[in-house]
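K.L.:
My file is protein04.csv. It has CSV, N, CA and C atoms and all ligand atoms:
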```
chain,number,residue,atom,x,y,z
A,21,MET,N,-4.2,-22.4,29.8
A,21,MET,CA,-5.3,-22.0,29.0
A,21,MET,C,-4.9,-20.7,28.2
A,22,ALA,N,-5.0,-20.7,26.9
A,22,ALA,CA,-4.6,-19.5,26.2
A,22,ALA,C,-5.8,-18.6,26.0
A,23,ASP,N,-5.6,-17.3,26.3
A,23,ASP,CA,-6.7,-16.3,26.3
A,23,ASP,C,-6.4,-15.4,25.1
A,24,THR,N,-7.4,-14.9,24.5
A,24,THR,CA,-7.2,-13.9,23.4
A,24,THR,C,-6.5,-12.7,23.9
A,25,SER,N,-6.7,-12.3,25.2
A,25,SER,CA,-6.0,-11.1,25.7
A,25,SER,C,-4.5,-11.3,25.8
A,26,ASP,N,-4.0,-12.6,25.7
A,26,ASP,CA,-2.6,-12.8,25.7
A,26,ASP,C,-1.8,-12.2,24.5
A,27,VAL,N,-2.6,-12.0,23.4
A,27,VAL,CA,-1.9,-11.5,22.2
A,27,VAL,C,-2.4,-10.1,21.9
A,28,PRO,N,-1.6,-9.1,22.1
A,28,PRO,CA,-2.1,-7.7,21.9
A,28,PRO,C,-2.5,-7.5,20.4
A,29,GLN,N,-3.4,-6.5,20.2
A,29,GLN,CA,-3.9,-6.2,18.9
A,29,GLN,C,-2.7,-5.8,18.0
A,30,ASN,N,-2.8,-6.4,16.8
A,30,ASN,CA,-1.8,-6.2,15.7
A,30,ASN,C,-0.4,-6.6,16.1
A,31,LYS,N,-0.3,-7.5,17.0
A,31,LYS,CA,1.0,-8.1,17.4
A,31,LYS,C,0.9,-9.6,17.3
A,32,GLY,N,2.1,-10.2,17.3
A,32,GLY,CA,2.2,-11.6,17.4
A,32,GLY,C,2.8,-12.1,18.7
A,33,LYS,N,2.6,-13.3,19.0
A,33,LYS,CA,3.2,-13.9,20.2
A,33,LYS,C,3.2,-15.4,20.1
A,34,ILE,N,4.2,-16.0,20.7
A,34,ILE,CA,4.2,-17.4,20.8
A,34,ILE,C,3.5,-17.8,22.1
A,35,ILE,N,2.4,-18.5,22.0
A,35,ILE,CA,1.7,-18.9,23.2
A,35,ILE,C,1.5,-20.4,23.2
A,36,THR,N,1.2,-20.9,24.4
A,36,THR,CA,0.9,-22.4,24.5
A,36,THR,C,-0.6,-22.6,24.3
A,37,VAL,N,-0.9,-23.4,23.3
A,37,VAL,CA,-2.3,-23.7,23.1
A,37,VAL,C,-2.5,-25.2,23.2
A,38,ASP,N,-3.3,-25.7,24.1
A,38,ASP,CA,-3.4,-27.1,24.4
A,38,ASP,C,-2.1,-27.8,24.5
A,39,GLY,N,-1.1,-27.2,25.1
A,39,GLY,CA,0.2,-27.8,25.3
A,39,GLY,C,1.1,-27.7,24.2
A,40,ASN,N,0.8,-27.0,23.1
A,40,ASN,CA,1.6,-26.8,22.0
A,40,ASN,C,2.0,-25.4,21.8
A,41,ASN,N,3.3,-25.1,21.5
A,41,ASN,CA,3.7,-23.8,21.2
A,41,ASN,C,3.2,-23.4,19.8
A,42,VAL,N,2.5,-22.3,19.8
A,42,VAL,CA,1.9,-21.8,18.5
A,42,VAL,C,2.2,-20.3,18.4
A,43,ALA,N,2.5,-20.0,17.1
A,43,ALA,CA,2.7,-18.5,16.8
A,43,ALA,C,1.3,-17.9,16.4
A,44,VAL,N,0.9,-17.0,17.2
A,44,VAL,CA,-0.4,-16.4,17.0
A,44,VAL,C,-0.3,-14.9,16.7
A,45,PHE,N,-1.0,-14.5,15.6
A,45,PHE,CA,-1.0,-13.0,15.3
A,45,PHE,C,-2.5,-12.5,15.5
A,46,ASN,N,-2.6,-11.4,16.1
A,46,ASN,CA,-3.9,-10.8,16.4
A,46,ASN,C,-4.1,-9.7,15.3
A,47,ASP,N,-4.8,-10.0,14.3
A,47,ASP,CA,-5.1,-9.1,13.1
A,47,ASP,C,-6.4,-8.4,13.4
A,48,LYS,N,-6.3,-7.3,14.2
A,48,LYS,CA,-7.5,-6.5,14.5
A,48,LYS,C,-8.6,-7.3,15.1
A,49,GLY,N,-8.2,-8.3,15.9
A,49,GLY,CA,-9.3,-9.1,16.6
A,49,GLY,C,-9.5,-10.4,15.9
A,50,THR,N,-8.9,-10.6,14.7
A,50,THR,CA,-9.0,-11.9,14.1
A,50,THR,C,-7.6,-12.6,14.3
A,51,PHE,N,-7.7,-13.8,14.8
A,51,PHE,CA,-6.5,-14.5,15.2
A,51,PHE,C,-6.1,-15.5,14.2
A,52,LYS,N,-4.8,-15.4,13.8
A,52,LYS,CA,-4.2,-16.4,12.8
A,52,LYS,C,-3.1,-17.1,13.5
A,53,ALA,N,-3.0,-18.4,13.3
A,53,ALA,CA,-2.0,-19.2,14.1
A,53,ALA,C,-1.2,-20.0,13.1
A,54,PHE,N,0.1,-20.2,13.5
A,54,PHE,CA,1.1,-20.9,12.7
A,54,PHE,C,2.0,-21.8,13.5
A,55,SER,N,2.5,-22.7,12.9
A,55,SER,CA,3.6,-23.5,13.5
A,55,SER,C,4.8,-22.6,13.8
A,56,THR,N,5.5,-22.8,14.9
A,56,THR,CA,6.6,-22.0,15.3
A,56,THR,C,7.9,-22.5,14.5
A,57,SER,N,7.8,-23.6,13.7
A,57,SER,CA,8.9,-24.1,13.0
A,57,SER,C,9.2,-23.3,11.7
A,58,CYS,N,10.4,-22.8,11.6
A,58,CYS,CA,10.8,-22.1,10.4
A,58,CYS,C,10.8,-23.1,9.2
A,59,THR,N,10.2,-22.7,8.1
A,59,THR,CA,10.1,-23.6,7.0
A,59,THR,C,11.5,-23.8,6.2
A,60,HIS,N,12.5,-23.1,6.7
A,60,HIS,CA,13.8,-23.4,6.1
A,60,HIS,C,14.4,-24.7,6.7
A,61,LEU,N,14.8,-24.7,7.9
A,61,LEU,CA,15.3,-26.0,8.5
A,61,LEU,C,14.8,-26.3,9.9
A,62,GLY,N,13.7,-25.6,10.2
A,62,GLY,CA,12.9,-26.0,11.4
A,62,GLY,C,13.3,-25.4,12.7
A,63,CYS,N,14.1,-24.3,12.8
A,63,CYS,CA,14.4,-23.6,14.0
A,63,CYS,C,13.1,-22.9,14.5
A,64,ASP,N,13.0,-22.6,15.8
A,64,ASP,CA,11.8,-21.9,16.3
A,64,ASP,C,11.9,-20.5,16.0
A,65,ILE,N,10.8,-19.9,15.4
A,65,ILE,CA,10.7,-18.5,15.1
A,65,ILE,C,10.4,-17.7,16.4
A,66,GLU,N,10.7,-16.4,16.3
A,66,GLU,CA,10.4,-15.5,17.4
A,66,GLU,C,9.7,-14.3,16.9
A,67,TRP,N,8.8,-13.7,17.7
A,67,TRP,CA,8.2,-12.4,17.2
A,67,TRP,C,9.1,-11.3,17.4
A,68,ASN,N,9.2,-10.4,16.4
A,68,ASN,CA,10.1,-9.2,16.4
A,68,ASN,C,9.1,-8.0,16.5
A,69,ASP,N,9.1,-7.5,17.7
A,69,ASP,CA,8.1,-6.5,18.0
A,69,ASP,C,8.4,-5.1,17.4
A,70,THR,N,9.7,-4.9,17.0
A,70,THR,CA,10.1,-3.7,16.4
A,70,THR,C,9.7,-3.7,14.9
A,71,GLU,N,9.9,-4.8,14.2
A,71,GLU,CA,9.6,-4.8,12.8
A,71,GLU,C,8.3,-5.5,12.5
A,72,ASN,N,7.6,-6.0,13.5
A,72,ASN,CA,6.4,-6.7,13.3
A,72,ASN,C,6.6,-7.9,12.3
A,73,THR,N,7.5,-8.7,12.6
A,73,THR,CA,7.8,-9.9,11.7
A,73,THR,C,8.0,-11.0,12.7
A,74,TRP,N,7.9,-12.2,12.1
A,74,TRP,CA,8.4,-13.5,12.7
A,74,TRP,C,9.8,-13.7,12.2
A,75,ASP,N,10.7,-13.8,13.1
A,75,ASP,CA,12.1,-13.9,12.7
A,75,ASP,C,12.7,-15.3,13.1
A,76,CYS,N,13.5,-15.8,12.3
A,76,CYS,CA,14.2,-17.1,12.6
A,76,CYS,C,15.6,-16.7,13.0
A,77,PRO,N,16.0,-17.1,14.2
A,77,PRO,CA,17.4,-16.8,14.7
A,77,PRO,C,18.5,-17.6,14.0
A,78,CYS,N,18.1,-18.7,13.3
A,78,CYS,CA,19.2,-19.6,12.8
A,78,CYS,C,19.9,-19.0,11.5
A,79,HIS,N,19.1,-18.7,10.5
A,79,HIS,CA,19.8,-18.2,9.3
A,79,HIS,C,19.1,-16.9,8.8
A,80,GLY,N,18.3,-16.3,9.6
A,80,GLY,CA,17.8,-14.9,9.3
A,80,GLY,C,16.6,-14.8,8.4
A,81,SER,N,15.8,-15.9,8.3
A,81,SER,CA,14.6,-15.7,7.5
A,81,SER,C,13.6,-14.8,8.3
A,82,LYS,N,12.8,-14.1,7.6
A,82,LYS,CA,11.8,-13.3,8.2
A,82,LYS,C,10.4,-13.6,7.5
A,83,PHE,N,9.4,-13.6,8.4
A,83,PHE,CA,8.0,-13.9,7.9
A,83,PHE,C,7.2,-12.7,8.3
A,84,ASN,N,6.2,-12.4,7.4
A,84,ASN,CA,5.2,-11.3,7.7
A,84,ASN,C,4.3,-11.8,8.7
A,85,PRO,N,3.5,-10.9,9.4
A,85,PRO,CA,2.6,-11.4,10.4
A,85,PRO,C,1.6,-12.5,9.9
A,86,ASP,N,1.3,-12.4,8.6
A,86,ASP,CA,0.3,-13.5,8.1
A,86,ASP,C,1.1,-14.8,7.7
A,87,GLY,N,2.3,-14.9,8.0
A,87,GLY,CA,3.1,-16.1,7.8
A,87,GLY,C,3.8,-16.2,6.5
A,88,SER,N,3.5,-15.2,5.6
A,88,SER,CA,4.2,-15.3,4.3
A,88,SER,C,5.7,-14.9,4.4
A,89,VAL,N,6.5,-15.3,3.5
A,89,VAL,CA,7.9,-15.1,3.6
A,89,VAL,C,8.2,-13.6,3.2
A,90,LYS,N,9.0,-13.0,4.1
A,90,LYS,CA,9.5,-11.6,3.8
A,90,LYS,C,10.9,-11.7,3.3
A,91,ASN,N,11.8,-12.5,4.0
A,91,ASN,CA,13.2,-12.6,3.6
A,91,ASN,C,13.5,-14.1,3.7
A,92,GLY,N,14.2,-14.6,2.7
A,92,GLY,CA,14.7,-16.0,2.8
A,92,GLY,C,15.9,-16.1,3.8
A,93,PRO,N,16.5,-17.3,3.9
A,93,PRO,CA,16.4,-18.4,2.9
A,93,PRO,C,15.1,-19.2,2.9
A,94,ALA,N,14.3,-19.0,3.8
A,94,ALA,CA,13.0,-19.8,3.7
A,94,ALA,C,12.3,-19.5,2.4
A,95,GLN,N,11.7,-20.5,1.8
A,95,GLN,CA,11.0,-20.3,0.5
A,95,GLN,C,9.5,-20.4,0.7
A,96,ARG,N,9.0,-20.9,1.8
A,96,ARG,CA,7.6,-21.3,2.0
A,96,ARG,C,7.1,-20.6,3.2
A,97,ALA,N,5.8,-20.2,3.1
A,97,ALA,CA,5.1,-19.6,4.3
A,97,ALA,C,5.1,-20.5,5.5
A,98,LEU,N,5.0,-19.9,6.7
A,98,LEU,CA,4.8,-20.7,7.9
A,98,LEU,C,3.5,-21.6,7.7
A,99,ASP,N,3.6,-22.8,8.3
A,99,ASP,CA,2.4,-23.7,8.2
A,99,ASP,C,1.3,-23.2,9.1
A,100,PRO,N,0.1,-23.0,8.5
A,100,PRO,CA,-1.0,-22.6,9.4
A,100,PRO,C,-1.5,-23.6,10.3
A,101,ILE,N,-2.0,-23.2,11.4
A,101,ILE,CA,-2.5,-24.1,12.4
A,101,ILE,C,-4.0,-23.7,12.7
A,102,ALA,N,-4.9,-24.6,12.6
A,102,ALA,CA,-6.3,-24.3,12.8
A,102,ALA,C,-6.6,-24.1,14.3
A,103,ILE,N,-7.1,-23.0,14.6
A,103,ILE,CA,-7.5,-22.7,16.0
A,103,ILE,C,-9.0,-22.3,16.0
A,104,LYS,N,-9.6,-22.4,17.2
A,104,LYS,CA,-10.9,-21.8,17.4
A,104,LYS,C,-11.0,-21.0,18.6
A,105,ILE,N,-11.9,-20.1,18.7
A,105,ILE,CA,-12.0,-19.2,19.8
A,105,ILE,C,-13.4,-19.3,20.4
A,106,GLU,N,-13.5,-19.7,21.6
A,106,GLU,CA,-14.8,-19.7,22.3
A,106,GLU,C,-14.6,-19.0,23.7
A,107,ASN,N,-15.5,-18.1,24.0
A,107,ASN,CA,-15.4,-17.4,25.3
A,107,ASN,C,-14.0,-16.8,25.5
A,108,ASN,N,-13.4,-16.3,24.4
A,108,ASN,CA,-12.1,-15.7,24.5
A,108,ASN,C,-11.0,-16.7,24.8
A,109,GLN,N,-11.3,-18.0,24.7
A,109,GLN,CA,-10.2,-19.0,24.9
A,109,GLN,C,-9.8,-19.5,23.6
A,110,ILE,N,-8.5,-19.6,23.4
A,110,ILE,CA,-8.0,-20.1,22.1
A,110,ILE,C,-7.6,-21.6,22.3
A,111,THR,N,-8.2,-22.4,21.4
A,111,THR,CA,-7.9,-23.9,21.5
A,111,THR,C,-7.6,-24.4,20.0
A,112,LEU,N,-6.9,-25.5,19.9
A,112,LEU,CA,-6.7,-26.1,18.6
A,112,LEU,C,-8.0,-26.6,18.1
A,113,ASN,N,-8.2,-26.4,16.7
A,113,ASN,CA,-9.4,-26.8,16.1
A,113,ASN,C,-9.1,-28.2,15.4
A,114,LEU,N,-9.2,-29.2,16.2
A,114,LEU,CA,-8.8,-30.5,15.7
A,114,LEU,C,-9.9,-31.2,14.8
B,201,LIG,S1,16.0,-22.6,10.0
B,201,LIG,FE1,15.1,-20.6,9.9
B,201,LIG,S2,16.4,-19.5,8.5
B,201,LIG,FE2,17.2,-21.5,8.6
```
Mind converting the file's structure to structure tokens?
P.N.:
Amino acid sequence: MADTSDVPQNKGKIITVDGNNVAVFNDKGTFKAFSTSCTHLGCDIEWNDTENTWDCPCHGSKFNPDGSVKNGPAQRALDPIAIKIENNQITLNL
């Protein structure tokens, strides 16, 4: 079960939501979720806690916390994933 307290304020984290790895950013209590697949060639992104970016280990793309591209080679923002929060539990909004 994914809990909102799993993702610290103003930080991102890869968490498991309903059995899926999801990249979640806690924007001052508003949670934004993205696919962990880099939009370049699909490697799994990681949260960079020093630079506050989502980084791809394969070819160096960097994404801002809101999923937009900071550095290529990726050209496209991370794909958003719809989530909902009830009683501090994060679930997919299917
Ligand atoms: S797959 Fe992410 S930078 Fe290439």
K.L.:
Find the residues near Ile103 in chain A: any atom within 6 Å, counting only N, CA and C atoms, skip ones fewer than 3 places away on the same chain, and give them as a list in words.
P.N.:
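Residues meeting the cut-off are Thr111, Leu112 and Asn113 of chain A.
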K.L.:
Once you count only N, CA and C atoms and all ligand atoms, which residues end up within 8 Å of ligand LIG 201 (chain B), and could you hand them over as a PyMOL selection string?
P.N.:
chain A and resi 57-65+75-82+91-94
K.L.:
Using N, CA and C atoms, can you export the residues from the last selection as a PDB file, in the coordinates of the input?
P.N.:
```pdb
ATOM      1  N   SER A  57       7.800 -23.600  13.700  1.00  0.00           N
ATOM      2  CA  SER A  57       8.900 -24.100  13.000  1.00  0.00           C
ATOM      3  C   SER A  57       9.200 -23.300  11.700  1.00  0.00           C
ATOM      4  N   CYS A  58      10.400 -22.800  11.600  1.00  0.00           N
ATOM      5  CA  CYS A  58      10.800 -22.100  10.400  1.00  0.00           C
ATOM      6  C   CYS A  58      10.800 -23.100   9.200  1.00  0.00           C
ATOM      7  N   THR A  59      10.200 -22.700   8.100  1.00  0.00           N
ATOM      8  CA  THR A  59      10.100 -23.600   7.000  1.00  0.00           C
ATOM      9  C   THR A  59      11.500 -23.800   6.200  1.00  0.00           C
ATOM     10  N   HIS A  60      12.500 -23.100   6.700  1.00  0.00           N
ATOM     11  CA  HIS A  60      13.800 -23.400   6.100  1.00  0.00           C
ATOM     12  C   HIS A  60      14.400 -24.700   6.700  1.00  0.00           C
ATOM     13  N   LEU A  61      14.800 -24.700   7.900  1.00  0.00           N
ATOM     14  CA  LEU A  61      15.300 -26.000   8.500  1.00  0.00           C
ATOM     15  C   LEU A  61      14.800 -26.300   9.900  1.00  0.00           C
ATOM     16  N   GLY A  62      13.700 -25.600  10.200  1.00  0.00           N
ATOM     17  CA  GLY A  62      12.900 -26.000  11.400  1.00  0.00           C
ATOM     18  C   GLY A  62      13.300 -25.400  12.700  1.00  0.00           C
ATOM     19  N   CYS A  63      14.100 -24.300  12.800  1.00  0.00           N
ATOM     20  CA  CYS A  63      14.400 -23.600  14.000  1.00  0.00           C
ATOM     21  C   CYS A  63      13.100 -22.900  14.500  1.00  0.00           C
ATOM     22  N   ASP A  64      13.000 -22.600  15.800  1.00  0.00           N
ATOM     23  CA  ASP A  64      11.800 -21.900  16.300  1.00  0.00           C
ATOM     24  C   ASP A  64      11.900 -20.500  16.000  1.00  0.00           C
ATOM     25  N   ILE A  65      10.800 -19.900  15.400  1.00  0.00           N
ATOM     26  CA  ILE A  65      10.700 -18.500  15.100  1.00  0.00           C
ATOM     27  C   ILE A  65      10.400 -17.700  16.400  1.00  0.00           C
ATOM     28  N   ASP A  75      10.700 -13.800  13.100  1.00  0.00           N
ATOM     29  CA  ASP A  75      12.100 -13.900  12.700  1.00  0.00           C
ATOM     30  C   ASP A  75      12.700 -15.300  13.100  1.00  0.00           C
ATOM     31  N   CYS A  76      13.500 -15.800  12.300  1.00  0.00           N
ATOM     32  CA  CYS A  76      14.200 -17.100  12.600  1.00  0.00           C
ATOM     33  C   CYS A  76      15.600 -16.700  13.000  1.00  0.00           C
ATOM     34  N   PRO A  77      16.000 -17.100  14.200  1.00  0.00           N
ATOM     35  CA  PRO A  77      17.400 -16.800  14.700  1.00  0.00           C
ATOM     36  C   PRO A  77      18.500 -17.600  14.000  1.00  0.00           C
ATOM     37  N   CYS A  78      18.100 -18.700  13.300  1.00  0.00           N
ATOM     38  CA  CYS A  78      19.200 -19.600  12.800  1.00  0.00           C
ATOM     39  C   CYS A  78      19.900 -19.000  11.500  1.00  0.00           C
ATOM     40  N   HIS A  79      19.100 -18.700  10.500  1.00  0.00           N
ATOM     41  CA  HIS A  79      19.800 -18.200   9.300  1.00  0.00           C
ATOM     42  C   HIS A  79      19.100 -16.900   8.800  1.00  0.00           C
ATOM     43  N   GLY A  80      18.300 -16.300   9.600  1.00  0.00           N
ATOM     44  CA  GLY A  80      17.800 -14.900   9.300  1.00  0.00           C
ATOM     45  C   GLY A  80      16.600 -14.800   8.400  1.00  0.00           C
ATOM     46  N   SER A  81      15.800 -15.900   8.300  1.00  0.00           N
ATOM     47  CA  SER A  81      14.600 -15.700   7.500  1.00  0.00           C
ATOM     48  C   SER A  81      13.600 -14.800   8.300  1.00  0.00           C
ATOM     49  N   LYS A  82      12.800 -14.100   7.600  1.00  0.00           N
ATOM     50  CA  LYS A  82      11.800 -13.300   8.200  1.00  0.00           C
ATOM     51  C   LYS A  82      10.400 -13.600   7.500  1.00  0.00           C
ATOM     52  N   ASN A  91      11.800 -12.500   4.000  1.00  0.00           N
ATOM     53  CA  ASN A  91      13.200 -12.600   3.600  1.00  0.00           C
ATOM     54  C   ASN A  91      13.500 -14.100   3.700  1.00  0.00           C
ATOM     55  N   GLY A  92      14.200 -14.600   2.700  1.00  0.00           N
ATOM     56  CA  GLY A  92      14.700 -16.000   2.800  1.00  0.00           C
ATOM     57  C   GLY A  92      15.900 -16.100   3.800  1.00  0.00           C
ATOM     58  N   PRO A  93      16.500 -17.300   3.900  1.00  0.00           N
ATOM     59  CA  PRO A  93      16.400 -18.400   2.900  1.00  0.00           C
ATOM     60  C   PRO A  93      15.100 -19.200   2.900  1.00  0.00           C
ATOM     61  N   ALA A  94      14.300 -19.000   3.800  1.00  0.00           N
ATOM     62  CA  ALA A  94      13.000 -19.800   3.700  1.00  0.00           C
ATOM     63  C   ALA A  94      12.300 -19.500   2.400  1.00  0.00           C
TER      64      ALA A  94
END
```
K.L.:
Excluding same-chain residues fewer than 4 positions from Ala97 in chain A, what lies within 5 Å of it counting all atoms listed in the file, as a VMD selection string?
P.N.:
chain A and resid 87 to 89
K.L.:
Find the nearest atom pair between each residue of range 52-109 of chain A and range 33-48 of chain A for residues within 12 Å, count only C-alpha atoms, give distances in Å to one decimal, sort rows by chain and ascending number, and present the table as a Markdown table.
P.N.:
```
| residue | atom | partner | partner_atom | distance |
| --- | --- | --- | --- | --- |
| A:Lys52 | CA | A:Phe45 | CA | 5.3 |
| A:Ala53 | CA | A:Val44 | CA | 4.3 |
| A:Phe54 | CA | A:Ala43 | CA | 5.0 |
| A:Ser55 | CA | A:Val42 | CA | 5.5 |
| A:Thr56 | CA | A:Ala43 | CA | 5.5 |
| A:Ser57 | CA | A:Ala43 | CA | 9.2 |
| A:Cys58 | CA | A:Ala43 | CA | 10.9 |
| A:Asp64 | CA | A:Asn41 | CA | 9.7 |
| A:Ile65 | CA | A:Ala43 | CA | 8.2 |
| A:Glu66 | CA | A:Ile34 | CA | 7.3 |
| A:Trp67 | CA | A:Lys33 | CA | 6.0 |
| A:Asn68 | CA | A:Lys33 | CA | 9.2 |
| A:Asp69 | CA | A:Lys33 | CA | 9.1 |
| A:Asn72 | CA | A:Phe45 | CA | 9.9 |
| A:Thr73 | CA | A:Phe45 | CA | 10.0 |
| A:Trp74 | CA | A:Ala43 | CA | 8.6 |
| A:Asp75 | CA | A:Ala43 | CA | 11.2 |
| A:Phe83 | CA | A:Ala43 | CA | 11.3 |
| A:Asn84 | CA | A:Phe45 | CA | 10.0 |
| A:Pro85 | CA | A:Phe45 | CA | 6.3 |
| A:Asp86 | CA | A:Phe45 | CA | 7.3 |
| A:Gly87 | CA | A:Phe45 | CA | 9.1 |
| A:Leu98 | CA | A:Ala43 | CA | 9.4 |
| A:Asp99 | CA | A:Ala43 | CA | 10.1 |
| A:Pro100 | CA | A:Ala43 | CA | 9.2 |
| A:Ile101 | CA | A:Val42 | CA | 7.9 |
| A:Ala102 | CA | A:Val42 | CA | 10.3 |
| A:Ile103 | CA | A:Val37 | CA | 8.9 |
| A:Lys104 | CA | A:Val37 | CA | 10.5 |
| A:Ile105 | CA | A:Val37 | CA | 11.2 |
| A:Gln109 | CA | A:Val37 | CA | 9.4 |
```
K.L.:
Atom C of Gln95 in chain A and atom N of Phe51 in chain A, how far apart in Å?
P.N.:
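Atom-to-atom, atom N of Phe51 in chain A to atom C of Gln95 in chain A, that is 23.2 Å.
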K.L.:
Counting only N, CA and C atoms, what is within 8 Å of Ser25 in chain A, bar same-chain residues fewer than 3 positions away, as a PyMOL selection string?
P.N.:
chain A and resi 22+28-29+108-110
K.L.:
Can you list, as a PyMOL selection string, all residues belonging to chain A that DSSP tags as strand (DSSP E or B)?
P.N.:
chain A and resi 22-23+32-37+40-47+50-55+57+64+66-68+73-75+82-83+89-91+100+103-106+109-112
K.L.:
Please dump the current selection as a compact mmCIF listing (two decimals), in the coordinates of the input; keep N, CA and C atoms.
P.N.:
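Written output follows (selection_5.txt):
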```txt
# COMPACT_ATOMS: atom_id res chain seq x y z
N ALA A 22 -5.00 -20.70 26.90
CA ALA A 22 -4.60 -19.50 26.20
C ALA A 22 -5.80 -18.60 26.00
N ASP A 23 -5.60 -17.30 26.30
CA ASP A 23 -6.70 -16.30 26.30
C ASP A 23 -6.40 -15.40 25.10
N GLY A 32 2.10 -10.20 17.30
CA GLY A 32 2.20 -11.60 17.40
C GLY A 32 2.80 -12.10 18.70
N LYS A 33 2.60 -13.30 19.00
CA LYS A 33 3.20 -13.90 20.20
C LYS A 33 3.20 -15.40 20.10
N ILE A 34 4.20 -16.00 20.70
CA ILE A 34 4.20 -17.40 20.80
C ILE A 34 3.50 -17.80 22.10
N ILE A 35 2.40 -18.50 22.00
CA ILE A 35 1.70 -18.90 23.20
C ILE A 35 1.50 -20.40 23.20
N THR A 36 1.20 -20.90 24.40
CA THR A 36 0.90 -22.40 24.50
C THR A 36 -0.60 -22.60 24.30
N VAL A 37 -0.90 -23.40 23.30
CA VAL A 37 -2.30 -23.70 23.10
C VAL A 37 -2.50 -25.20 23.20
N ASN A 40 0.80 -27.00 23.10
CA ASN A 40 1.60 -26.80 22.00
C ASN A 40 2.00 -25.40 21.80
N ASN A 41 3.30 -25.10 21.50
CA ASN A 41 3.70 -23.80 21.20
C ASN A 41 3.20 -23.40 19.80
N VAL A 42 2.50 -22.30 19.80
CA VAL A 42 1.90 -21.80 18.50
C VAL A 42 2.20 -20.30 18.40
N ALA A 43 2.50 -20.00 17.10
CA ALA A 43 2.70 -18.50 16.80
C ALA A 43 1.30 -17.90 16.40
N VAL A 44 0.90 -17.00 17.20
CA VAL A 44 -0.40 -16.40 17.00
C VAL A 44 -0.30 -14.90 16.70
N PHE A 45 -1.00 -14.50 15.60
CA PHE A 45 -1.00 -13.00 15.30
C PHE A 45 -2.50 -12.50 15.50
N ASN A 46 -2.60 -11.40 16.10
CA ASN A 46 -3.90 -10.80 16.40
C ASN A 46 -4.10 -9.70 15.30
N ASP A 47 -4.80 -10.00 14.30
CA ASP A 47 -5.10 -9.10 13.10
C ASP A 47 -6.40 -8.40 13.40
N THR A 50 -8.90 -10.60 14.70
CA THR A 50 -9.00 -11.90 14.10
C THR A 50 -7.60 -12.60 14.30
N PHE A 51 -7.70 -13.80 14.80
CA PHE A 51 -6.50 -14.50 15.20
C PHE A 51 -6.10 -15.50 14.20
N LYS A 52 -4.80 -15.40 13.80
CA LYS A 52 -4.20 -16.40 12.80
C LYS A 52 -3.10 -17.10 13.50
N ALA A 53 -3.00 -18.40 13.30
CA ALA A 53 -2.00 -19.20 14.10
C ALA A 53 -1.20 -20.00 13.10
N PHE A 54 0.10 -20.20 13.50
CA PHE A 54 1.10 -20.90 12.70
C PHE A 54 2.00 -21.80 13.50
N SER A 55 2.50 -22.70 12.90
CA SER A 55 3.60 -23.50 13.50
C SER A 55 4.80 -22.60 13.80
N SER A 57 7.80 -23.60 13.70
CA SER A 57 8.90 -24.10 13.00
C SER A 57 9.20 -23.30 11.70
N ASP A 64 13.00 -22.60 15.80
CA ASP A 64 11.80 -21.90 16.30
C ASP A 64 11.90 -20.50 16.00
N GLU A 66 10.70 -16.40 16.30
CA GLU A 66 10.40 -15.50 17.40
C GLU A 66 9.70 -14.30 16.90
N TRP A 67 8.80 -13.70 17.70
CA TRP A 67 8.20 -12.40 17.20
C TRP A 67 9.10 -11.30 17.40
N ASN A 68 9.20 -10.40 16.40
CA ASN A 68 10.10 -9.20 16.40
C ASN A 68 9.10 -8.00 16.50
N THR A 73 7.50 -8.70 12.60
CA THR A 73 7.80 -9.90 11.70
C THR A 73 8.00 -11.00 12.70
N TRP A 74 7.90 -12.20 12.10
CA TRP A 74 8.40 -13.50 12.70
C TRP A 74 9.80 -13.70 12.20
N ASP A 75 10.70 -13.80 13.10
CA ASP A 75 12.10 -13.90 12.70
C ASP A 75 12.70 -15.30 13.10
N LYS A 82 12.80 -14.10 7.60
CA LYS A 82 11.80 -13.30 8.20
C LYS A 82 10.40 -13.60 7.50
N PHE A 83 9.40 -13.60 8.40
CA PHE A 83 8.00 -13.90 7.90
C PHE A 83 7.20 -12.70 8.30
N VAL A 89 6.50 -15.30 3.50
CA VAL A 89 7.90 -15.10 3.60
C VAL A 89 8.20 -13.60 3.20
N LYS A 90 9.00 -13.00 4.10
CA LYS A 90 9.50 -11.60 3.80
C LYS A 90 10.90 -11.70 3.30
N ASN A 91 11.80 -12.50 4.00
CA ASN A 91 13.20 -12.60 3.60
C ASN A 91 13.50 -14.10 3.70
N PRO A 100 0.10 -23.00 8.50
CA PRO A 100 -1.00 -22.60 9.40
C PRO A 100 -1.50 -23.60 10.30
N ILE A 103 -7.10 -23.00 14.60
CA ILE A 103 -7.50 -22.70 16.00
C ILE A 103 -9.00 -22.30 16.00
N LYS A 104 -9.60 -22.40 17.20
CA LYS A 104 -10.90 -21.80 17.40
C LYS A 104 -11.00 -21.00 18.60
N ILE A 105 -11.90 -20.10 18.70
CA ILE A 105 -12.00 -19.20 19.80
C ILE A 105 -13.40 -19.30 20.40
N GLU A 106 -13.50 -19.70 21.60
CA GLU A 106 -14.80 -19.70 22.30
C GLU A 106 -14.60 -19.00 23.70
N GLN A 109 -11.30 -18.00 24.70
CA GLN A 109 -10.20 -19.00 24.90
C GLN A 109 -9.80 -19.50 23.60
N ILE A 110 -8.50 -19.60 23.40
CA ILE A 110 -8.00 -20.10 22.10
C ILE A 110 -7.60 -21.60 22.30
N THR A 111 -8.20 -22.40 21.40
CA THR A 111 -7.90 -23.90 21.50
C THR A 111 -7.60 -24.40 20.00
N LEU A 112 -6.90 -25.50 19.90
CA LEU A 112 -6.70 -26.10 18.60
C LEU A 112 -8.00 -26.60 18.10
```
K.L.:
Between CA of Gly49 in chain A and atom C of Val27 in chain A, what is the distance in Å, rounded to a tenth?
P.N.:
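Going from CA of Gly49 in chain A over to atom C of Val27 in chain A covers 8.8 Å.
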K.L.:
Which distance in Å separates CA of Thr50 in chain A and CA of Asn107 in chain A, to one decimal?
P.N.:
14.0 Å
